file upload21.pdb (PDB, C-alpha atoms)
ATOM      1  CA  MET C   1       0.000   0.000   0.000  1.00  0.00           C
ATOM      2  CA  ALA C   2       1.180   3.542  -0.725  1.00  0.00           C
ATOM      3  CA  GLU C   3       1.800   5.965   2.132  1.00  0.00           C
ATOM      4  CA  PRO C   4      -1.485   7.467   3.368  1.00  0.00           C
ATOM      5  CA  HIS C   5      -2.213  11.195   3.395  1.00  0.00           C
ATOM      6  CA  LEU C   6      -4.969  10.981   6.017  1.00  0.00           C
ATOM      7  CA  LEU C   7      -5.623   8.692   8.984  1.00  0.00           C
ATOM      8  CA  VAL C   8      -9.096   7.987  10.331  1.00  0.00           C
ATOM      9  CA  HIS C   9      -8.843   6.266  13.681  1.00  0.00           C
ATOM     10  CA  HIS C  10     -12.377   4.964  14.163  1.00  0.00           C
ATOM     11  CA  LYS C  11     -14.965   3.871  11.588  1.00  0.00           C
ATOM     12  CA  GLY C  12     -17.494   6.282  13.136  1.00  0.00           C
ATOM     13  CA  ASP C  13     -15.226   9.348  12.818  1.00  0.00           C
ATOM     14  CA  ASN C  14     -16.356  12.157  10.521  1.00  0.00           C
ATOM     15  CA  VAL C  15     -12.896  13.776  10.317  1.00  0.00           C
ATOM     16  CA  GLY C  16      -9.437  12.399   9.614  1.00  0.00           C
ATOM     17  CA  VAL C  17      -5.952  13.684  10.458  1.00  0.00           C
ATOM     18  CA  VAL C  18      -3.441  14.769   7.806  1.00  0.00           C
ATOM     19  CA  VAL C  19      -0.168  12.838   8.193  1.00  0.00           C
ATOM     20  CA  VAL C  20       1.936  14.371   5.380  1.00  0.00           C
ATOM     21  CA  GLU C  21       3.681  17.717   4.979  1.00  0.00           C
ATOM     22  CA  ASN C  22       2.555  20.207   2.322  1.00  0.00           C
ATOM     23  CA  LEU C  23      -0.861  18.711   1.488  1.00  0.00           C
ATOM     24  CA  THR C  24      -2.280  20.957  -1.224  1.00  0.00           C
ATOM     25  CA  ALA C  25      -5.814  21.632  -2.398  1.00  0.00           C
ATOM     26  CA  GLY C  26      -6.963  19.252  -5.119  1.00  0.00           C
ATOM     27  CA  THR C  27      -4.846  16.311  -3.944  1.00  0.00           C
ATOM     28  CA  GLU C  28      -6.583  12.948  -4.103  1.00  0.00           C
ATOM     29  CA  MET C  29      -5.695  11.595  -0.679  1.00  0.00           C
ATOM     30  CA  LEU C  30      -5.241   7.974   0.279  1.00  0.00           C
ATOM     31  CA  CYS C  31      -7.174   7.699   3.548  1.00  0.00           C
ATOM     32  CA  VAL C  32      -6.657   4.743   5.899  1.00  0.00           C
ATOM     33  CA  VAL C  33      -8.998   3.720   8.715  1.00  0.00           C
ATOM     34  CA  THR C  34      -6.648   2.410  11.398  1.00  0.00           C
ATOM     35  CA  GLU C  35      -9.404   0.503  13.232  1.00  0.00           C
ATOM     36  CA  ASP C  36      -9.696  -2.070  10.426  1.00  0.00           C
ATOM     37  CA  ASN C  37      -6.941  -1.062   7.965  1.00  0.00           C
ATOM     38  CA  SER C  38      -9.513  -0.260   5.270  1.00  0.00           C
ATOM     39  CA  ASP C  39      -8.873   2.614   2.870  1.00  0.00           C
ATOM     40  CA  PHE C  40     -10.660   5.056   0.606  1.00  0.00           C
ATOM     41  CA  HIS C  41      -9.847   8.124  -1.489  1.00  0.00           C
ATOM     42  CA  LEU C  42     -10.963  11.716  -0.939  1.00  0.00           C
ATOM     43  CA  VAL C  43     -10.020  14.984  -2.647  1.00  0.00           C
ATOM     44  CA  VAL C  44      -8.942  17.717  -0.218  1.00  0.00           C
ATOM     45  CA  ASN C  45     -10.424  21.161  -0.922  1.00  0.00           C
ATOM     46  CA  HIS C  46      -7.795  23.329   0.810  1.00  0.00           C
ATOM     47  CA  ASP C  47      -4.118  23.301   1.668  1.00  0.00           C
ATOM     48  CA  VAL C  48      -4.047  21.566   5.079  1.00  0.00           C
ATOM     49  CA  PRO C  49      -1.081  21.421   7.480  1.00  0.00           C
ATOM     50  CA  ILE C  50       0.123  18.146   8.935  1.00  0.00           C
ATOM     51  CA  GLY C  51      -1.800  17.239  12.104  1.00  0.00           C
ATOM     52  CA  HIS C  52      -4.928  19.141  11.099  1.00  0.00           C
ATOM     53  CA  LYS C  53      -8.340  17.654  10.316  1.00  0.00           C
ATOM     54  CA  VAL C  54     -10.227  17.142   7.049  1.00  0.00           C
ATOM     55  CA  GLY C  55     -13.984  16.596   6.945  1.00  0.00           C
ATOM     56  CA  LEU C  56     -15.216  13.230   5.712  1.00  0.00           C
ATOM     57  CA  ALA C  57     -18.782  14.506   5.271  1.00  0.00           C
ATOM     58  CA  ASP C  58     -20.631  17.773   4.729  1.00  0.00           C
ATOM     59  CA  PHE C  59     -21.195  19.663   7.996  1.00  0.00           C
ATOM     60  CA  ALA C  60     -23.919  22.163   8.901  1.00  0.00           C
ATOM     61  CA  THR C  61     -23.647  24.657  11.733  1.00  0.00           C
ATOM     62  CA  GLY C  62     -24.261  22.843  15.008  1.00  0.00           C
ATOM     63  CA  ASP C  63     -23.150  19.391  13.790  1.00  0.00           C
ATOM     64  CA  THR C  64     -20.959  17.320  16.104  1.00  0.00           C
ATOM     65  CA  VAL C  65     -17.420  16.421  15.025  1.00  0.00           C
ATOM     66  CA  ILE C  66     -16.232  12.911  15.907  1.00  0.00           C
ATOM     67  CA  LYS C  67     -12.502  12.054  16.085  1.00  0.00           C
ATOM     68  CA  TYR C  68     -11.003   8.944  17.742  1.00  0.00           C
ATOM     69  CA  GLY C  69     -14.633   7.842  18.234  1.00  0.00           C
ATOM     70  CA  GLN C  70     -15.182  10.828  20.566  1.00  0.00           C
ATOM     71  CA  ASP C  71     -17.165  14.068  20.363  1.00  0.00           C
ATOM     72  CA  ILE C  72     -14.511  16.795  20.001  1.00  0.00           C
ATOM     73  CA  GLY C  73     -16.779  19.778  19.361  1.00  0.00           C
ATOM     74  CA  LYS C  74     -19.374  21.421  17.172  1.00  0.00           C
ATOM     75  CA  ILE C  75     -19.310  23.049  13.768  1.00  0.00           C
ATOM     76  CA  ILE C  76     -19.689  26.853  13.939  1.00  0.00           C
ATOM     77  CA  ALA C  77     -19.533  27.482  10.166  1.00  0.00           C
ATOM     78  CA  ALA C  78     -20.661  25.074   7.465  1.00  0.00           C
ATOM     79  CA  ALA C  79     -17.927  22.901   5.933  1.00  0.00           C
ATOM     80  CA  ALA C  80     -17.984  20.551   2.963  1.00  0.00           C
ATOM     81  CA  LYS C  81     -16.584  17.064   2.606  1.00  0.00           C
ATOM     82  CA  GLY C  82     -12.847  17.508   1.954  1.00  0.00           C
ATOM     83  CA  ASP C  83     -12.627  20.869   3.762  1.00  0.00           C
ATOM     84  CA  HIS C  84     -10.051  21.822   6.394  1.00  0.00           C
ATOM     85  CA  VAL C  85     -11.757  21.483   9.809  1.00  0.00           C
ATOM     86  CA  HIS C  86     -10.089  23.711  12.389  1.00  0.00           C
ATOM     87  CA  VAL C  87     -10.681  26.847  14.492  1.00  0.00           C
ATOM     88  CA  GLN C  88     -12.382  28.667  11.588  1.00  0.00           C
ATOM     89  CA  ASN C  89     -15.301  26.203  11.645  1.00  0.00           C
ATOM     90  CA  LEU C  90     -14.962  24.058  14.800  1.00  0.00           C
ATOM     91  CA  LYS C  91     -15.315  24.926  18.478  1.00  0.00           C
ATOM     92  CA  THR C  92     -15.212  22.851  21.637  1.00  0.00           C
ATOM     93  CA  LYS C  93     -18.536  22.378  23.429  1.00  0.00           C
ATOM     94  CA  ARG C  94     -16.820  23.059  26.776  1.00  0.00           C
ATOM     95  CA  TRP C  95     -17.011  26.847  26.482  1.00  0.00           C
TER      96      TRP C  95
END
call {"tool": "encode", "arguments": {"input": "upload21.pdb", "output": "structure tokens"}}
result
Amino acid sequence: MAEPHLLVHHKGDNVGVVVVENLTAGTEMLCVVTEDNSDFHLVVNHDVPIGHKVGLADFATGDTVIKYGQDIGKIIAAAAKGDHVHVQNLKTKRW
């Protein structure tokens, strides 16, 4: 298997984590689900830094983001499948 661009840790996650440097918009990513070693492809819509999240589905304001099988926050601005998910569109539910 080729080196993945994105890791998804749990089958129920709706975001994955970029694991390569210099990921640029328009790249067809190899995405690997570490829970079962399955894979899929997804085109990234933005340049995304290593360690940041990419949406695996379309998100509406108020949607819950799941990473590592856990609720990590809510969407505060709509995001499309393949978009960079970070502080511009995601906020913790703690405060």
call {"tool": "resolve_selection", "arguments": {"input": "upload21.pdb", "expression": "the PyMOL selection byres ((chain C and resi 8) around 8)", "output": "PDB file with C-alpha atoms, keeping the file's coordinate frame"}}
result
ATOM      1  CA  LEU C   6      -4.969  10.981   6.017  1.00  0.00           C
ATOM      2  CA  LEU C   7      -5.623   8.692   8.984  1.00  0.00           C
ATOM      3  CA  HIS C   9      -8.843   6.266  13.681  1.00  0.00           C
ATOM      4  CA  HIS C  10     -12.377   4.964  14.163  1.00  0.00           C
ATOM      5  CA  LYS C  11     -14.965   3.871  11.588  1.00  0.00           C
ATOM      6  CA  ASP C  13     -15.226   9.348  12.818  1.00  0.00           C
ATOM      7  CA  VAL C  15     -12.896  13.776  10.317  1.00  0.00           C
ATOM      8  CA  GLY C  16      -9.437  12.399   9.614  1.00  0.00           C
ATOM      9  CA  VAL C  17      -5.952  13.684  10.458  1.00  0.00           C
ATOM     10  CA  CYS C  31      -7.174   7.699   3.548  1.00  0.00           C
ATOM     11  CA  VAL C  32      -6.657   4.743   5.899  1.00  0.00           C
ATOM     12  CA  VAL C  33      -8.998   3.720   8.715  1.00  0.00           C
ATOM     13  CA  THR C  34      -6.648   2.410  11.398  1.00  0.00           C
ATOM     14  CA  LYS C  67     -12.502  12.054  16.085  1.00  0.00           C
ATOM     15  CA  TYR C  68     -11.003   8.944  17.742  1.00  0.00           C
TER      16      TYR C  68
END
call {"tool": "atom_distance", "arguments": {"input": "upload21.pdb", "atom1": "CA of Ala78 (chain C)", "atom2": "CA of Ala60 (chain C)"}}
result
4.6 Å
call {"tool": "resolve_selection", "arguments": {"input": "upload21.pdb", "expression": "the PyMOL selection byres ((chain C and resi 46-50) around 8)", "output": "mmCIF file with C-alpha atoms, in the frame of the given file"}}
result
data_model
loop_
_atom_site.group_PDB
_atom_site.id
_atom_site.type_symbol
_atom_site.label_atom_id
_atom_site.label_comp_id
_atom_site.auth_asym_id
_atom_site.auth_seq_id
_atom_site.Cartn_x
_atom_site.Cartn_y
_atom_site.Cartn_z
ATOM 1 C CA VAL C 17 -5.952 13.684 10.458
ATOM 2 C CA VAL C 18 -3.441 14.769 7.806
ATOM 3 C CA VAL C 19 -0.168 12.838 8.193
ATOM 4 C CA VAL C 20 1.936 14.371 5.380
ATOM 5 C CA GLU C 21 3.681 17.717 4.979
ATOM 6 C CA ASN C 22 2.555 20.207 2.322
ATOM 7 C CA LEU C 23 -0.861 18.711 1.488
ATOM 8 C CA THR C 24 -2.280 20.957 -1.224
ATOM 9 C CA ALA C 25 -5.814 21.632 -2.398
ATOM 10 C CA GLY C 26 -6.963 19.252 -5.119
ATOM 11 C CA VAL C 44 -8.942 17.717 -0.218
ATOM 12 C CA ASN C 45 -10.424 21.161 -0.922
ATOM 13 C CA GLY C 51 -1.800 17.239 12.104
ATOM 14 C CA HIS C 52 -4.928 19.141 11.099
ATOM 15 C CA LYS C 53 -8.340 17.654 10.316
ATOM 16 C CA VAL C 54 -10.227 17.142 7.049
ATOM 17 C CA GLY C 82 -12.847 17.508 1.954
ATOM 18 C CA ASP C 83 -12.627 20.869 3.762
ATOM 19 C CA HIS C 84 -10.051 21.822 6.394
#
call {"tool": "closest_residue", "arguments": {"input": "upload21.pdb", "among": "C:Ile75, C:Leu56, C:Ala2, C:Ala80", "to": "Leu30 (chain C)", "atoms": "only C-alpha atoms"}}
result
C:Ala2
call {"tool": "atom_distance", "arguments": {"input": "upload21.pdb", "atom1": "CA of Gly69 (chain C)", "atom2": "CA of Glu28 (chain C)"}}
result
24.3 Å
call {"tool": "residues_around", "arguments": {"input": "upload21.pdb", "residues": "Lys74 (chain C)", "least_positions_apart": "5", "cutoff": "8 Å", "atoms": "all atoms listed in the file", "output": "ChimeraX atom specification"}}
result
/C:61-65,90-93
call {"tool": "atom_distance", "arguments": {"input": "upload21.pdb", "atom1": "CA of Gln88 (chain C)", "atom2": "CA of Gly73 (chain C)"}}
result
12.6 Å
call {"tool": "closest_residue", "arguments": {"input": "upload21.pdb", "among": "C:Asp58, C:Asn37, C:Ala77, C:His86", "to": "Asn14 (chain C)", "atoms": "all atoms listed in the file"}}
result
C:Asp58
call {"tool": "closest_residue", "arguments": {"input": "upload21.pdb", "among": "C:Arg94, C:Gly12, C:Pro4, C:Ala57", "to": "Thr27 (chain C)", "atoms": "all atoms listed in the file"}}
result
C:Pro4
call {"tool": "axis_aligned_box", "arguments": {"input": "upload21.pdb", "around": "region 22-36 of chain C", "padding_each_side": "6 Å", "output": "JSON"}}
result
{"center_x": -3.6, "center_y": 9.8, "center_z": 4.1, "size_x": 24.3, "size_y": 35.7, "size_z": 30.4}
call {"tool": "closest_residue", "arguments": {"input": "upload21.pdb", "among": "C:Val87, C:Met29, C:Leu42, C:Gly55", "to": "Glu3 (chain C)", "atoms": "all atoms listed in the file"}}
result
C:Met29
call {"tool": "closest_residue", "arguments": {"input": "upload21.pdb", "among": "C:Trp95, C:Val85, C:Ala79, C:His5", "to": "Val43 (chain C)", "atoms": "only C-alpha atoms"}}
result
C:His5
call {"tool": "decode", "arguments": {"input": "upload21.pdb", "residues": "region 44-79 of chain C", "atoms": "N, CA and C atoms", "output": "JSON list (two decimals), in the first residue's frame"}}
result
[["chain", "number", "residue", "atom", "x", "y", "z"],
["C", 44, "VAL", "N", -8.98, 16.65, -1.21],
["C", 44, "VAL", "CA", -8.94, 17.72, -0.22],
["C", 44, "VAL", "C", -9.20, 19.05, -0.92],
["C", 45, "ASN", "N", -10.01, 19.90, -0.30],
["C", 45, "ASN", "CA", -10.42, 21.16, -0.92],
["C", 45, "ASN", "C", -9.52, 22.35, -0.63],
["C", 46, "HIS", "N", -8.68, 22.23, 0.39],
["C", 46, "HIS", "CA", -7.79, 23.33, 0.81],
["C", 46, "HIS", "C", -6.39, 22.78, 1.08],
["C", 47, "ASP", "N", -5.42, 23.68, 1.13],
["C", 47, "ASP", "CA", -4.12, 23.30, 1.67],
["C", 47, "ASP", "C", -4.34, 23.04, 3.16],
["C", 48, "VAL", "N", -3.82, 21.92, 3.67],
["C", 48, "VAL", "CA", -4.05, 21.57, 5.08],
["C", 48, "VAL", "C", -2.71, 21.15, 5.69],
["C", 49, "PRO", "N", -2.34, 21.78, 6.82],
["C", 49, "PRO", "CA", -1.08, 21.42, 7.48],
["C", 49, "PRO", "C", -1.14, 20.03, 8.11],
["C", 50, "ILE", "N", 0.02, 19.43, 8.26],
["C", 50, "ILE", "CA", 0.12, 18.15, 8.94],
["C", 50, "ILE", "C", -0.47, 18.28, 10.35],
["C", 51, "GLY", "N", -1.19, 17.25, 10.78],
["C", 51, "GLY", "CA", -1.80, 17.24, 12.10],
["C", 51, "GLY", "C", -3.18, 17.86, 12.18],
["C", 52, "HIS", "N", -3.61, 18.52, 11.11],
["C", 52, "HIS", "CA", -4.93, 19.14, 11.10],
["C", 52, "HIS", "C", -5.96, 18.17, 10.53],
["C", 53, "LYS", "N", -7.23, 18.53, 10.68],
["C", 53, "LYS", "CA", -8.34, 17.65, 10.32],
["C", 53, "LYS", "C", -8.93, 18.02, 8.96],
["C", 54, "VAL", "N", -9.48, 16.98, 8.29],
["C", 54, "VAL", "CA", -10.23, 17.14, 7.05],
["C", 54, "VAL", "C", -11.58, 16.47, 7.25],
["C", 55, "GLY", "N", -12.64, 17.14, 6.81],
["C", 55, "GLY", "CA", -13.98, 16.60, 6.94],
["C", 55, "GLY", "C", -14.23, 15.43, 6.00],
["C", 56, "LEU", "N", -14.87, 14.41, 6.51],
["C", 56, "LEU", "CA", -15.22, 13.23, 5.71],
["C", 56, "LEU", "C", -16.67, 13.28, 5.24],
["C", 57, "ALA", "N", -17.38, 14.32, 5.63],
["C", 57, "ALA", "CA", -18.78, 14.51, 5.27],
["C", 57, "ALA", "C", -19.05, 16.01, 5.21],
["C", 58, "ASP", "N", -20.20, 16.38, 4.67],
["C", 58, "ASP", "CA", -20.63, 17.77, 4.73],
["C", 58, "ASP", "C", -21.12, 18.06, 6.14],
["C", 59, "PHE", "N", -20.79, 19.25, 6.66],
["C", 59, "PHE", "CA", -21.20, 19.66, 8.00],
["C", 59, "PHE", "C", -22.04, 20.93, 7.92],
["C", 60, "ALA", "N", -23.11, 20.96, 8.71],
["C", 60, "ALA", "CA", -23.92, 22.16, 8.90],
["C", 60, "ALA", "C", -23.58, 22.75, 10.27],
["C", 61, "THR", "N", -23.86, 24.02, 10.44],
["C", 61, "THR", "CA", -23.65, 24.66, 11.73],
["C", 61, "THR", "C", -24.40, 23.88, 12.81],
["C", 62, "GLY", "N", -23.68, 23.58, 13.90],
["C", 62, "GLY", "CA", -24.26, 22.84, 15.01],
["C", 62, "GLY", "C", -23.96, 21.36, 14.99],
["C", 63, "ASP", "N", -23.48, 20.82, 13.87],
["C", 63, "ASP", "CA", -23.15, 19.39, 13.79],
["C", 63, "ASP", "C", -22.01, 19.06, 14.75],
["C", 64, "THR", "N", -22.00, 17.83, 15.22],
["C", 64, "THR", "CA", -20.96, 17.32, 16.10],
["C", 64, "THR", "C", -19.83, 16.71, 15.29],
["C", 65, "VAL", "N", -18.60, 16.99, 15.67],
["C", 65, "VAL", "CA", -17.42, 16.42, 15.03],
["C", 65, "VAL", "C", -16.92, 15.26, 15.89],
["C", 66, "ILE", "N", -16.69, 14.12, 15.23],
["C", 66, "ILE", "CA", -16.23, 12.91, 15.91],
["C", 66, "ILE", "C", -14.82, 12.56, 15.42],
["C", 67, "LYS", "N", -13.90, 12.43, 16.37],
["C", 67, "LYS", "CA", -12.50, 12.05, 16.08],
["C", 67, "LYS", "C", -12.08, 11.07, 17.17],
["C", 68, "TYR", "N", -11.38, 10.01, 16.80],
["C", 68, "TYR", "CA", -11.00, 8.94, 17.74],
["C", 68, "TYR", "C", -12.24, 8.32, 18.39],
["C", 69, "GLY", "N", -13.39, 8.38, 17.70],
["C", 69, "GLY", "CA", -14.63, 7.84, 18.23],
["C", 69, "GLY", "C", -15.25, 8.71, 19.32],
["C", 70, "GLN", "N", -14.73, 9.93, 19.50],
["C", 70, "GLN", "CA", -15.18, 10.83, 20.57],
["C", 70, "GLN", "C", -15.69, 12.15, 20.00],
["C", 71, "ASP", "N", -16.65, 12.74, 20.68],
["C", 71, "ASP", "CA", -17.16, 14.07, 20.36],
["C", 71, "ASP", "C", -16.08, 15.07, 20.72],
["C", 72, "ILE", "N", -15.56, 15.81, 19.72],
["C", 72, "ILE", "CA", -14.51, 16.80, 20.00],
["C", 72, "ILE", "C", -15.00, 18.23, 19.85],
["C", 73, "GLY", "N", -16.27, 18.42, 19.48],
["C", 73, "GLY", "CA", -16.78, 19.78, 19.36],
["C", 73, "GLY", "C", -17.90, 19.89, 18.37],
["C", 74, "LYS", "N", -18.27, 21.16, 18.09],
["C", 74, "LYS", "CA", -19.37, 21.42, 17.17],
["C", 74, "LYS", "C", -18.92, 22.35, 16.05],
["C", 75, "ILE", "N", -19.58, 22.21, 14.93],
["C", 75, "ILE", "CA", -19.31, 23.05, 13.77],
["C", 75, "ILE", "C", -19.96, 24.42, 13.98],
["C", 76, "ILE", "N", -19.18, 25.49, 13.78],
["C", 76, "ILE", "CA", -19.69, 26.85, 13.94],
["C", 76, "ILE", "C", -19.85, 27.57, 12.60],
["C", 77, "ALA", "N", -19.35, 26.97, 11.53],
["C", 77, "ALA", "CA", -19.53, 27.48, 10.17],
["C", 77, "ALA", "C", -19.55, 26.27, 9.24],
["C", 78, "ALA", "N", -20.51, 26.23, 8.35],
["C", 78, "ALA", "CA", -20.66, 25.07, 7.46],
["C", 78, "ALA", "C", -19.34, 24.71, 6.80],
["C", 79, "ALA", "N", -19.14, 23.42, 6.59],
["C", 79, "ALA", "CA", -17.93, 22.90, 5.93],
["C", 79, "ALA", "C", -18.33, 21.73, 5.04]]
